[in-house]
file structure.pdb (PDB, C-alpha atoms)
ATOM      1  CA  MET A   1       1.635  -1.705 -20.394
ATOM      2  CA  ASN A   2      -1.673  -3.515 -20.035
ATOM      3  CA  THR A   3      -4.412  -1.616 -18.231
ATOM      4  CA  LEU A   4      -5.686  -3.433 -15.174
ATOM      5  CA  THR A   5      -9.256  -4.611 -14.641
ATOM      6  CA  ALA A   6     -11.103  -5.837 -11.552
ATOM      7  CA  LYS A   7     -10.331  -9.401 -12.669
ATOM      8  CA  THR A   8      -6.645  -8.897 -13.471
ATOM      9  CA  LEU A   9      -5.783  -6.733 -10.449
ATOM     10  CA  LYS A  10      -4.461  -9.330  -8.014
ATOM     11  CA  GLY A  11      -1.434 -10.629  -6.204
ATOM     12  CA  ASN A  12       1.438  -9.284  -4.145
ATOM     13  CA  TRP A  13       2.065  -5.573  -4.712
ATOM     14  CA  ALA A  14       5.045  -3.897  -3.066
ATOM     15  CA  THR A  15       5.043  -0.343  -1.791
ATOM     16  CA  LEU A  16       7.616   2.293  -2.622
ATOM     17  CA  LEU A  17       9.169   3.609   0.608
ATOM     18  CA  LEU A  18      10.525   7.154   0.610
ATOM     19  CA  PRO A  19      14.220   7.456   1.593
ATOM     20  CA  ILE A  20      14.566  10.617   3.681
ATOM     21  CA  GLN A  21      18.022  12.035   4.414
ATOM     22  CA  THR A  22      19.116  13.852   7.578
ATOM     23  CA  ASP A  23      18.601  17.216   5.848
ATOM     24  CA  GLN A  24      14.959  16.255   5.089
ATOM     25  CA  THR A  25      15.559  15.813   1.361
ATOM     26  CA  ILE A  26      14.689  12.691  -0.627
ATOM     27  CA  ASP A  27      17.589  10.441  -1.603
ATOM     28  CA  PHE A  28      16.682   9.822  -5.249
ATOM     29  CA  GLY A  29      19.696   7.560  -5.759
ATOM     30  CA  LEU A  30      18.436   5.233  -3.039
ATOM     31  CA  LEU A  31      14.924   5.498  -4.442
ATOM     32  CA  ALA A  32      16.180   4.356  -7.851
ATOM     33  CA  ASP A  33      17.982   1.423  -6.232
ATOM     34  CA  GLU A  34      14.813   0.480  -4.340
ATOM     35  CA  ILE A  35      12.722   0.449  -7.527
ATOM     36  CA  ASP A  36      15.338  -1.714  -9.243
ATOM     37  CA  TYR A  37      15.357  -4.150  -6.325
ATOM     38  CA  LEU A  38      11.562  -4.490  -6.316
ATOM     39  CA  ILE A  39      11.548  -5.078 -10.077
ATOM     40  CA  ASP A  40      14.221  -7.758  -9.689
ATOM     41  CA  ALA A  41      12.132  -9.403  -6.929
ATOM     42  CA  LYS A  42       9.485 -10.078  -9.607
ATOM     43  CA  VAL A  43       6.552  -8.963  -7.481
ATOM     44  CA  ASP A  44       3.162  -8.775  -9.203
ATOM     45  CA  GLY A  45       3.292  -4.996  -9.136
ATOM     46  CA  ILE A  46       4.641  -1.901  -7.379
ATOM     47  CA  TYR A  47       2.789   1.184  -6.214
ATOM     48  CA  SER A  48       4.027   4.634  -5.280
ATOM     49  CA  ASN A  49       2.759   7.247  -2.874
ATOM     50  CA  GLY A  50       0.811   5.125  -0.457
ATOM     51  CA  THR A  51       0.865   6.074   3.209
ATOM     52  CA  ALA A  52       4.291   4.449   3.573
ATOM     53  CA  GLY A  53       5.409   6.534   0.590
ATOM     54  CA  GLU A  54       4.511   9.635   2.617
ATOM     55  CA  PHE A  55       2.252  11.092  -0.087
ATOM     56  CA  HIS A  56       0.881  13.474   2.527
ATOM     57  CA  ASN A  57       4.242  15.108   3.210
ATOM     58  CA  GLN A  58       5.969  16.016  -0.040
ATOM     59  CA  THR A  59       5.956  18.946  -2.425
ATOM     60  CA  GLU A  60       4.329  18.734  -5.838
ATOM     61  CA  ALA A  61       7.741  19.005  -7.503
ATOM     62  CA  GLU A  62       8.889  16.016  -5.444
ATOM     63  CA  PHE A  63       5.732  14.112  -6.354
ATOM     64  CA  ASP A  64       6.466  14.639 -10.041
ATOM     65  CA  GLN A  65      10.133  13.672  -9.733
ATOM     66  CA  ILE A  66       9.330  10.502  -7.755
ATOM     67  CA  ASN A  67       6.742   9.272 -10.194
ATOM     68  CA  LEU A  68       8.657  10.135 -13.363
ATOM     69  CA  LEU A  69      11.575   8.029 -12.122
ATOM     70  CA  PHE A  70       9.181   5.300 -10.990
ATOM     71  CA  ALA A  71       7.235   5.167 -14.260
ATOM     72  CA  GLU A  72      10.322   5.147 -16.466
ATOM     73  CA  LYS A  73      11.860   2.199 -14.619
ATOM     74  CA  CYS A  74       8.643   0.177 -14.444
ATOM     75  CA  GLN A  75       7.812   0.743 -18.109
ATOM     76  CA  LYS A  76      11.304  -0.273 -19.185
ATOM     77  CA  ALA A  77      10.967  -3.520 -17.199
ATOM     78  CA  SER A  78       7.290  -4.115 -18.165
ATOM     79  CA  MET A  79       6.458  -4.081 -14.453
ATOM     80  CA  PRO A  80       2.814  -3.275 -13.611
ATOM     81  CA  PHE A  81       2.700  -0.122 -11.501
ATOM     82  CA  GLN A  82       0.183   2.128  -9.804
ATOM     83  CA  ILE A  83       0.716   5.778  -9.012
ATOM     84  CA  GLY A  84      -0.798   7.019  -5.775
ATOM     85  CA  CYS A  85      -2.370  10.400  -6.484
ATOM     86  CA  SER A  86      -3.948  10.613  -3.079
ATOM     87  CA  HIS A  87      -4.066  13.857  -1.099
ATOM     88  CA  PRO A  88      -6.361  15.116   1.671
ATOM     89  CA  SER A  89      -7.179  17.996  -0.710
ATOM     90  CA  PRO A  90      -9.389  16.940  -3.652
ATOM     91  CA  VAL A  91      -7.996  19.765  -5.801
ATOM     92  CA  ILE A  92      -4.402  18.616  -5.317
ATOM     93  CA  SER A  93      -5.380  14.989  -5.904
ATOM     94  CA  LEU A  94      -7.017  15.960  -9.197
ATOM     95  CA  GLU A  95      -3.976  18.001 -10.254
ATOM     96  CA  ARG A  96      -1.737  15.003  -9.506
ATOM     97  CA  ILE A  97      -3.937  12.869 -11.758
ATOM     98  CA  LYS A  98      -3.763  15.412 -14.577
ATOM     99  CA  ARG A  99       0.021  15.611 -14.406
ATOM    100  CA  SER A 100       0.485  11.823 -14.147
ATOM    101  CA  VAL A 101      -1.762  10.640 -16.982
ATOM    102  CA  GLY A 102       1.116  10.832 -19.436
ATOM    103  CA  LEU A 103       3.120   8.365 -17.325
ATOM    104  CA  LYS A 104       0.548   5.701 -18.230
ATOM    105  CA  PRO A 105       0.381   3.707 -14.993
ATOM    106  CA  SER A 106      -1.616   0.483 -14.783
ATOM    107  CA  ALA A 107      -3.962   2.262 -12.340
ATOM    108  CA  PHE A 108      -4.213   5.299 -10.078
ATOM    109  CA  GLN A 109      -4.730   5.062  -6.320
ATOM    110  CA  VAL A 110      -6.802   7.762  -4.614
ATOM    111  CA  ILE A 111      -8.381   8.477  -1.248
ATOM    112  CA  LEU A 112     -11.613  10.362  -0.631
ATOM    113  CA  PRO A 113     -11.239  14.010   0.447
ATOM    114  CA  ASP A 114     -10.319  13.920   4.117
ATOM    115  CA  TRP A 115     -10.631  17.399   5.618
ATOM    116  CA  VAL A 116     -14.383  17.845   5.139
ATOM    117  CA  VAL A 117     -16.031  14.420   5.013
ATOM    118  CA  PRO A 118     -17.894  13.998   1.683
ATOM    119  CA  CYS A 119     -21.502  12.774   1.636
ATOM    120  CA  ASP A 120     -22.610  10.009  -0.765
ATOM    121  CA  ALA A 121     -23.242  12.392  -3.657
ATOM    122  CA  GLU A 122     -19.913  14.163  -3.086
ATOM    123  CA  GLN A 123     -18.026  10.864  -3.023
ATOM    124  CA  ILE A 124     -19.470   9.973  -6.413
ATOM    125  CA  ASP A 125     -18.800  13.454  -7.784
ATOM    126  CA  PHE A 126     -15.189  13.315  -6.593
ATOM    127  CA  LEU A 127     -14.468   9.894  -8.118
ATOM    128  CA  GLN A 128     -16.257  10.812 -11.361
ATOM    129  CA  GLY A 129     -14.187  13.988 -11.584
ATOM    130  CA  ILE A 130     -10.992  12.010 -11.058
ATOM    131  CA  ALA A 131     -12.095   9.412 -13.641
ATOM    132  CA  ASN A 132     -12.867  12.120 -16.194
ATOM    133  CA  TYR A 133      -9.226  13.230 -16.179
ATOM    134  CA  ALA A 134      -7.676   9.776 -15.832
ATOM    135  CA  ASN A 135      -7.981   9.165 -19.572
ATOM    136  CA  GLY A 136      -9.277   5.615 -19.219
ATOM    137  CA  ILE A 137      -6.715   4.591 -16.604
ATOM    138  CA  PRO A 138      -8.621   2.703 -13.877
ATOM    139  CA  LEU A 139      -8.922   3.788 -10.253
ATOM    140  CA  VAL A 140      -8.264   2.026  -6.962
ATOM    141  CA  LEU A 141      -9.866   3.499  -3.849
ATOM    142  CA  TYR A 142      -7.730   3.457  -0.711
ATOM    143  CA  ASN A 143      -9.879   3.626   2.437
ATOM    144  CA  PRO A 144      -7.576   3.236   5.455
ATOM    145  CA  PRO A 145      -8.974   2.664   8.955
ATOM    146  CA  HIS A 146      -7.669   6.054  10.100
ATOM    147  CA  ALA A 147      -9.687   7.927   7.427
ATOM    148  CA  LYS A 148     -12.301  10.296   8.824
ATOM    149  CA  LEU A 149     -14.857   8.395   6.760
ATOM    150  CA  GLU A 150     -14.438   4.632   6.920
ATOM    151  CA  LEU A 151     -16.723   3.210   4.265
ATOM    152  CA  LYS A 152     -19.072   0.328   5.053
ATOM    153  CA  PRO A 153     -19.444  -2.615   2.643
ATOM    154  CA  LYS A 154     -22.811  -1.375   1.347
ATOM    155  CA  ASP A 155     -21.220   1.984   0.456
ATOM    156  CA  TYR A 156     -19.228   0.409  -2.374
ATOM    157  CA  LEU A 157     -22.326  -0.652  -4.291
ATOM    158  CA  LYS A 158     -23.120   2.937  -5.267
ATOM    159  CA  PHE A 159     -19.907   3.126  -7.273
ATOM    160  CA  LYS A 160     -20.713   0.089  -9.440
ATOM    161  CA  THR A 161     -22.647   2.020 -12.071
ATOM    162  CA  THR A 162     -21.662   5.604 -11.201
ATOM    163  CA  VAL A 163     -17.876   5.081 -11.382
ATOM    164  CA  PRO A 164     -17.297   2.076 -13.683
ATOM    165  CA  SER A 165     -13.545   2.783 -13.919
ATOM    166  CA  LEU A 166     -13.186   2.035 -10.192
ATOM    167  CA  ILE A 167     -11.731  -1.491 -10.228
ATOM    168  CA  GLY A 168     -10.322  -2.071  -6.772
ATOM    169  CA  LEU A 169     -10.165  -1.307  -3.070
ATOM    170  CA  LYS A 170      -7.420  -1.159  -0.501
ATOM    171  CA  VAL A 171      -9.020  -1.833   2.887
ATOM    172  CA  LEU A 172      -8.362  -3.344   6.304
ATOM    173  CA  SER A 173      -9.918  -6.819   6.528
ATOM    174  CA  LYS A 174     -12.414  -7.338   9.335
ATOM    175  CA  ASP A 175     -14.675 -10.011  10.824
ATOM    176  CA  ALA A 176     -16.840 -12.681   9.190
ATOM    177  CA  GLY A 177     -19.867 -10.377   9.046
ATOM    178  CA  TRP A 178     -17.871  -7.726   7.176
ATOM    179  CA  THR A 179     -16.568 -10.413   4.806
ATOM    180  CA  GLU A 180     -20.057 -11.599   3.893
ATOM    181  CA  GLU A 181     -21.257  -8.032   3.350
ATOM    182  CA  MET A 182     -18.271  -7.291   1.121
ATOM    183  CA  LYS A 183     -19.096 -10.343  -0.967
ATOM    184  CA  MET A 184     -22.638  -9.020  -1.273
ATOM    185  CA  TYR A 185     -21.910  -5.377  -2.073
ATOM    186  CA  ALA A 186     -18.355  -5.202  -3.454
ATOM    187  CA  SER A 187     -17.927  -8.390  -5.482
ATOM    188  CA  HIS A 188     -17.534  -6.299  -8.645
ATOM    189  CA  LEU A 189     -14.254  -4.907  -7.252
ATOM    190  CA  SER A 190     -10.811  -6.353  -6.626
ATOM    191  CA  ILE A 191     -10.395  -6.280  -2.844
ATOM    192  CA  PHE A 192      -6.909  -5.980  -1.402
ATOM    193  CA  VAL A 193      -6.205  -6.568   2.294
ATOM    194  CA  PRO A 194      -3.037  -6.060   4.401
ATOM    195  CA  GLY A 195      -0.250  -8.523   3.676
ATOM    196  CA  HIS A 196      -0.282 -10.101   7.122
ATOM    197  CA  PHE A 197      -3.945 -11.051   6.611
ATOM    198  CA  LEU A 198      -3.700 -12.142   2.979
ATOM    199  CA  ALA A 199      -3.851 -15.914   3.516
ATOM    200  CA  SER A 200      -6.897 -15.517   5.771
ATOM    201  CA  GLY A 201      -8.483 -13.253   3.183
ATOM    202  CA  VAL A 202      -7.919 -15.821   0.450
ATOM    203  CA  ARG A 203      -9.403 -18.555   2.637
ATOM    204  CA  ALA A 204     -12.456 -16.358   3.281
ATOM    205  CA  GLY A 205     -12.900 -15.864  -0.464
ATOM    206  CA  ILE A 206     -12.541 -12.103  -0.219
ATOM    207  CA  ALA A 207      -8.918 -11.133  -0.979
ATOM    208  CA  ALA A 208      -7.598 -10.756  -4.512
ATOM    209  CA  GLY A 209      -4.228  -9.639  -3.206
ATOM    210  CA  ALA A 210      -2.373  -7.269  -0.898
ATOM    211  CA  TYR A 211      -0.651  -3.919  -1.048
ATOM    212  CA  SER A 212       1.771  -5.677   1.182
ATOM    213  CA  ASN A 213       3.493  -4.608   4.383
ATOM    214  CA  ILE A 214       4.982  -8.117   4.338
ATOM    215  CA  ALA A 215       6.755  -7.237   1.107
ATOM    216  CA  CYS A 216       8.576  -4.544   3.088
ATOM    217  CA  ILE A 217      10.341  -7.333   5.022
ATOM    218  CA  ASN A 218      11.220  -9.397   1.959
ATOM    219  CA  PRO A 219       9.440  -8.807  -1.368
ATOM    220  CA  SER A 220      10.606 -12.093  -2.907
ATOM    221  CA  VAL A 221       9.301 -14.141   0.026
ATOM    222  CA  ALA A 222       6.015 -12.212   0.008
ATOM    223  CA  GLN A 223       5.708 -13.087  -3.687
ATOM    224  CA  HIS A 224       6.490 -16.743  -2.980
ATOM    225  CA  LEU A 225       3.822 -16.864  -0.255
ATOM    226  CA  TRP A 226       1.196 -15.432  -2.622
ATOM    227  CA  GLU A 227       2.030 -18.080  -5.203
ATOM    228  CA  LEU A 228       2.021 -20.792  -2.533
ATOM    229  CA  MET A 229      -1.481 -19.707  -1.492
ATOM    230  CA  GLN A 230      -2.737 -20.958  -4.840
ATOM    231  CA  THR A 231      -1.500 -24.517  -4.170
ATOM    232  CA  ASP A 232      -0.975 -24.951  -0.417
ATOM    233  CA  LEU A 233      -3.154 -22.523   1.497
ATOM    234  CA  ASP A 234      -2.770 -24.471   4.747
ATOM    235  CA  GLU A 235       0.977 -23.917   4.742
ATOM    236  CA  THR A 236       0.599 -20.175   4.175
ATOM    237  CA  LEU A 237      -1.998 -20.002   6.956
ATOM    238  CA  ARG A 238       0.565 -21.633   9.257
ATOM    239  CA  ILE A 239       3.151 -19.023   8.260
ATOM    240  CA  GLU A 240       0.565 -16.254   8.640
ATOM    241  CA  LYS A 241      -0.035 -17.347  12.232
ATOM    242  CA  ASN A 242       3.684 -16.884  12.890
ATOM    243  CA  ILE A 243       3.682 -13.531  11.106
ATOM    244  CA  LEU A 244       0.859 -12.353  13.359
ATOM    245  CA  GLU A 245       2.809 -13.526  16.408
ATOM    246  CA  PHE A 246       5.810 -11.544  15.150
ATOM    247  CA  PHE A 247       3.622  -8.467  14.762
ATOM    248  CA  LYS A 248       2.177  -8.945  18.244
ATOM    249  CA  MET A 249       5.566  -9.379  19.916
ATOM    250  CA  CYS A 250       7.779  -7.062  17.887
ATOM    251  CA  ILE A 251       5.665  -4.446  16.086
ATOM    252  CA  SER A 252       2.636  -3.807  18.328
ATOM    253  CA  PRO A 253       4.827  -2.363  21.107
ATOM    254  CA  TYR A 254       5.858   0.404  18.690
ATOM    255  CA  GLN A 255       2.229   1.009  17.731
ATOM    256  CA  LYS A 256       1.473   1.472  21.417
ATOM    257  CA  GLN A 257       4.240   4.068  21.524
ATOM    258  CA  GLN A 258       2.271   5.943  18.816
ATOM    259  CA  TYR A 259       4.595   5.314  15.923
ATOM    260  CA  SER A 260       2.739   5.767  12.625
ATOM    261  CA  ASN A 261       2.170   3.169   9.913
ATOM    262  CA  PRO A 262       4.909   4.710   7.712
ATOM    263  CA  ALA A 263       7.311   4.370  10.637
ATOM    264  CA  LEU A 264       6.320   0.732  11.109
ATOM    265  CA  ASP A 265       6.675  -0.118   7.409
ATOM    266  CA  LYS A 266      10.128   1.463   7.168
ATOM    267  CA  PHE A 267      11.130  -0.410  10.299
ATOM    268  CA  LEU A 268       9.887  -3.684   8.779
ATOM    269  CA  ALA A 269      12.100  -3.009   5.764
ATOM    270  CA  ALA A 270      15.084  -2.331   8.011
ATOM    271  CA  VAL A 271      14.457  -5.547   9.963
ATOM    272  CA  GLY A 272      14.207  -7.544   6.736
ATOM    273  CA  GLY A 273      17.379  -5.946   5.422
ATOM    274  CA  CYS A 274      16.502  -6.425   1.738
ATOM    275  CA  ILE A 275      15.588  -2.834   0.903
ATOM    276  CA  GLN A 276      18.228  -0.357   2.076
ATOM    277  CA  ILE A 277      15.953   2.471   3.184
ATOM    278  CA  PRO A 278      16.607   4.498   6.371
ATOM    279  CA  THR A 279      13.881   4.336   9.037
ATOM    280  CA  ARG A 280      13.771   8.135   9.096
ATOM    281  CA  LEU A 281      10.455   9.904   8.382
ATOM    282  CA  ARG A 282      10.089  13.483   7.253
ATOM    283  CA  TRP A 283       9.392  16.157   9.867
ATOM    284  CA  PRO A 284       7.313  16.350  12.042
ATOM    285  CA  TYR A 285       6.828  12.583  12.281
ATOM    286  CA  LYS A 286       8.951  10.384  14.526
ATOM    287  CA  TRP A 287      10.640   7.193  13.396
ATOM    288  CA  ILE A 288      11.936   4.056  15.075
ATOM    289  CA  SER A 289      15.650   4.129  15.793
ATOM    290  CA  GLU A 290      17.822   1.933  13.613
ATOM    291  CA  SER A 291      19.523   0.822  16.833
ATOM    292  CA  ASP A 292      16.388  -1.264  17.491
ATOM    293  CA  VAL A 293      16.785  -3.253  14.274
ATOM    294  CA  THR A 294      19.299  -5.877  15.455
ATOM    295  CA  SER A 295      17.282  -7.124  18.439
ATOM    296  CA  VAL A 296      14.008  -7.246  16.501
ATOM    297  CA  ARG A 297      15.670  -8.989  13.550
ATOM    298  CA  LYS A 298      16.960 -11.632  15.957
ATOM    299  CA  GLN A 299      13.384 -12.317  17.145
ATOM    300  CA  ALA A 300      12.067 -12.211  13.587
ATOM    301  CA  LYS A 301      14.527 -14.894  12.472
ATOM    302  CA  LEU A 302      13.092 -17.179  15.144
ATOM    303  CA  LEU A 303       9.413 -16.383  14.499
ATOM    304  CA  ILE A 304       9.384 -16.041  10.694
ATOM    305  CA  PRO A 305      12.559 -17.776   9.488
ATOM    306  CA  GLU A 306      11.138 -18.106   5.953
ATOM    307  CA  PHE A 307      11.819 -14.383   5.428
ATOM    308  CA  PHE A 308      15.554 -14.761   6.130
ATOM    309  CA  ASN A 309      16.524 -17.960   4.297
TER
END

call {"tool": "encode", "arguments": {"input": "structure.pdb", "output": "C-alpha cells"}}
result
Amino acid sequence: MNTLTAKTLKGNWATLLLPIQTDQTIDFGLLADEIDYLIDAKVDGIYSNGTAGEFHNQTEAEFDQINLLFAEKCQKASMPFQIGCSHPSPVISLERIKRSVGLKPSAFQVILPDWVVPCDAEQIDFLQGIANYANGIPLVLYNPPHAKLELKPKDYLKFKTTVPSLIGLKVLSKDAGWTEEMKMYASHLSIFVPGHFLASGVRAGIAAGAYSNIACINPSVAQHLWELMQTDLDETLRIEKNILEFFKMCISPYQKQQYSNPALDKFLAAVGGCIQIPTRLRWPYKWISESDVTSVRKQAKLLIPEFFN
C-alpha cells in the first residue's frame, strides 16, 4: 500500500458507518458487507472511525476489531484507507496509534485533545508525539466545527516545519476570506471539505477532495461527481446547488431537532439505500426513525435524481 503525501491525498473518500444493533452491539457481519460495498464502488479511499463511525463511543476492544477487519479487506483489495485514531483523550488516541501501526494504513486521522484545550505549544507536542509512534505513516488533522478549539487558517502554518508528517486537513469550508487565508497559510497541506461543498471548493482552488457525506447517499455517484469535476465543473456546480437544496429542505429540519452529525450521515445512507446500515446510534444518542426514510427518499429523487439512476 502506497503511503499518501500532501500531493497524492485527494478525491472522494467514503466514511465507514457503524452498524449498531438493538442490543447496542456492533453488527460485524453488516460492517464487513459495508466495507465490501465501498471497495466495489471504487471510491478513491475509505476511512474508519470518523465522527459518523462513532469513534467517541466504542470500547478499545471494539476499536481494534473494527480496524483489523477494515485493514485486512482494504489491503486485500489494494484500496487506500485511513484509520481514525481520534479520541478526546490524547492518551487513548496515542494508544490507538500504537496498536494500529501494524495495520499499515495509508494515513492516520486524529483530532486535537478536546477536554482541556491545548495551547500552540501543546498542539505541536501532541502531534509530534503521535507522529513519533506512527512509524512514518502520515497524519491527517480533523478539526470539526464543533471542536472546542476551531483552528484559524494561520494556525496551520506552525505545523509546516514542526510536524512534517502532517499531510492533510479535514475542515468545514467557509467564506472567501477564509479561502484566501487557507491558500496563504495551509497550501502545504491537502485540504478536504464536506462533500456537499466539494465542487465549490474545487472552483475556489482550495479543495483537494472530501471525506464525503455525499458518499453516504451513493458512493459510486459521489465518485463520478469528483471525476466529473475535473472535466465539467459547471455541471457539478449545478448538481451541488440541487444537493444544497436537498439538504436545506430534507436534512436541516433534523439538524434543528438537534440530531447529531452521525445521525444525519446514517440517515443519508438509509435514504440513498446503497449501504444497508440501520439509522440507530449507540446510547445515549438519538437517531432518526427509519419510518422517515420513504418520504425523504421521494423528495431526494426529485431534487437529486442523479443519485438514484

call {"tool": "closest_residue", "arguments": {"input": "structure.pdb", "among": "A:Thr5, A:Ser100, A:Thr162, A:Gln230", "to": "Glu122 of chain A", "atoms": "all atoms listed in the file"}}
result
A:Thr162

call {"tool": "resolve_selection", "arguments": {"input": "structure.pdb", "expression": "the PyMOL selection byres ((chain A and resi 79) around 12)", "output": "PyMOL selection string"}}
result
chain A and resi 1-3+13-14+35-36+38-47+70-78+80-82+105-106

call {"tool": "resolve_selection", "arguments": {"input": "structure.pdb", "expression": "the PyMOL selection byres ((chain A and resi 236-253) around 10)", "output": "PyMOL selection string"}}
result
chain A and resi 195-200+202-203+214+224-235+254-259+264-265+267-268+295-297+299-307

call {"tool": "residues_near_point", "arguments": {"input": "structure.pdb", "point": "(-20.1, 7.2, -7.0)", "cutoff": "6 Å", "atoms": "only C-alpha atoms", "output": "number ranges by chain"}}
result
A: 123-124, 158-159, 162-163

call {"tool": "resolve_selection", "arguments": {"input": "structure.pdb", "expression": "the PyMOL selection byres ((chain A and resi 86-97) around 9)", "output": "JSON, numbers by chain"}}
result
{"A": [49, 50, 55, 56, 60, 63, 64, 83, 84, 85, 98, 99, 100, 101, 108, 109, 110, 111, 112, 113, 114, 115, 126, 129, 130, 133, 134, 142]}

call {"tool": "closest_residue", "arguments": {"input": "structure.pdb", "among": "A:Lys152, A:Arg280, A:Lys10, A:Lys160", "to": "Gly177 of chain A", "atoms": "only C-alpha atoms"}}
result
A:Lys152

call {"tool": "build_atoms", "arguments": {"input": "structure.pdb", "residues": "segment 160-167 of chain A", "atoms": "all heavy atoms", "output": "PDB file, keeping the file's coordinate frame"}}
result
ATOM      1  N   LYS A 160     -20.736   1.109  -8.379  1.00  0.00           N
ATOM      2  CA  LYS A 160     -20.713   0.089  -9.440  1.00  0.00           C
ATOM      3  C   LYS A 160     -21.119   0.666 -10.789  1.00  0.00           C
ATOM      4  O   LYS A 160     -20.461   0.412 -11.805  1.00  0.00           O
ATOM      5  CB  LYS A 160     -21.631  -1.077  -9.060  1.00  0.00           C
ATOM      6  CG  LYS A 160     -21.575  -2.234 -10.050  1.00  0.00           C
ATOM      7  CD  LYS A 160     -22.354  -3.433  -9.551  1.00  0.00           C
ATOM      8  CE  LYS A 160     -22.222  -4.609 -10.508  1.00  0.00           C
ATOM      9  NZ  LYS A 160     -22.931  -5.814 -10.020  1.00  0.00           N
ATOM     10  N   THR A 161     -22.177   1.439 -10.808  1.00  0.00           N
ATOM     11  CA  THR A 161     -22.647   2.020 -12.071  1.00  0.00           C
ATOM     12  C   THR A 161     -22.221   3.475 -12.234  1.00  0.00           C
ATOM     13  O   THR A 161     -22.065   3.957 -13.355  1.00  0.00           O
ATOM     14  CB  THR A 161     -24.180   1.939 -12.166  1.00  0.00           C
ATOM     15  OG1 THR A 161     -24.752   2.583 -11.021  1.00  0.00           O
ATOM     16  CG2 THR A 161     -24.643   0.494 -12.212  1.00  0.00           C
ATOM     17  N   THR A 162     -21.999   4.181 -11.104  1.00  0.00           N
ATOM     18  CA  THR A 162     -21.662   5.604 -11.201  1.00  0.00           C
ATOM     19  C   THR A 162     -20.197   5.850 -11.533  1.00  0.00           C
ATOM     20  O   THR A 162     -19.854   6.863 -12.147  1.00  0.00           O
ATOM     21  CB  THR A 162     -22.007   6.330  -9.891  1.00  0.00           C
ATOM     22  OG1 THR A 162     -21.311   5.702  -8.797  1.00  0.00           O
ATOM     23  CG2 THR A 162     -23.508   6.284  -9.610  1.00  0.00           C
ATOM     24  N   VAL A 163     -19.310   4.930 -11.112  1.00  0.00           N
ATOM     25  CA  VAL A 163     -17.876   5.081 -11.382  1.00  0.00           C
ATOM     26  C   VAL A 163     -17.343   3.747 -11.912  1.00  0.00           C
ATOM     27  O   VAL A 163     -16.621   3.025 -11.222  1.00  0.00           O
ATOM     28  CB  VAL A 163     -17.094   5.504 -10.113  1.00  0.00           C
ATOM     29  CG1 VAL A 163     -15.678   5.963 -10.493  1.00  0.00           C
ATOM     30  CG2 VAL A 163     -17.813   6.590  -9.340  1.00  0.00           C
ATOM     31  N   PRO A 164     -17.682   3.395 -13.149  1.00  0.00           N
ATOM     32  CA  PRO A 164     -17.297   2.076 -13.683  1.00  0.00           C
ATOM     33  C   PRO A 164     -15.794   1.874 -13.801  1.00  0.00           C
ATOM     34  O   PRO A 164     -15.325   0.733 -13.869  1.00  0.00           O
ATOM     35  CB  PRO A 164     -17.973   2.031 -15.058  1.00  0.00           C
ATOM     36  CG  PRO A 164     -18.285   3.449 -15.390  1.00  0.00           C
ATOM     37  CD  PRO A 164     -18.516   4.148 -14.095  1.00  0.00           C
ATOM     38  N   SER A 165     -14.998   2.951 -13.817  1.00  0.00           N
ATOM     39  CA  SER A 165     -13.545   2.783 -13.919  1.00  0.00           C
ATOM     40  C   SER A 165     -12.902   2.473 -12.570  1.00  0.00           C
ATOM     41  O   SER A 165     -11.694   2.229 -12.501  1.00  0.00           O
ATOM     42  CB  SER A 165     -12.895   4.034 -14.522  1.00  0.00           C
ATOM     43  OG  SER A 165     -13.064   5.149 -13.675  1.00  0.00           O
ATOM     44  N   LEU A 166     -13.700   2.467 -11.495  1.00  0.00           N
ATOM     45  CA  LEU A 166     -13.186   2.035 -10.192  1.00  0.00           C
ATOM     46  C   LEU A 166     -13.120   0.513 -10.199  1.00  0.00           C
ATOM     47  O   LEU A 166     -14.150  -0.159 -10.291  1.00  0.00           O
ATOM     48  CB  LEU A 166     -14.099   2.526  -9.064  1.00  0.00           C
ATOM     49  CG  LEU A 166     -13.669   2.127  -7.647  1.00  0.00           C
ATOM     50  CD1 LEU A 166     -12.359   2.802  -7.251  1.00  0.00           C
ATOM     51  CD2 LEU A 166     -14.760   2.453  -6.627  1.00  0.00           C
ATOM     52  N   ILE A 167     -11.894  -0.035 -10.096  1.00  0.00           N
ATOM     53  CA  ILE A 167     -11.731  -1.491 -10.228  1.00  0.00           C
ATOM     54  C   ILE A 167     -11.330  -2.179  -8.927  1.00  0.00           C
ATOM     55  O   ILE A 167     -11.436  -3.402  -8.814  1.00  0.00           O
ATOM     56  CB  ILE A 167     -10.701  -1.849 -11.313  1.00  0.00           C
ATOM     57  CG1 ILE A 167      -9.311  -1.304 -10.940  1.00  0.00           C
ATOM     58  CG2 ILE A 167     -11.152  -1.341 -12.682  1.00  0.00           C
ATOM     59  CD1 ILE A 167      -8.179  -1.892 -11.760  1.00  0.00           C
TER      60      ILE A 167
END
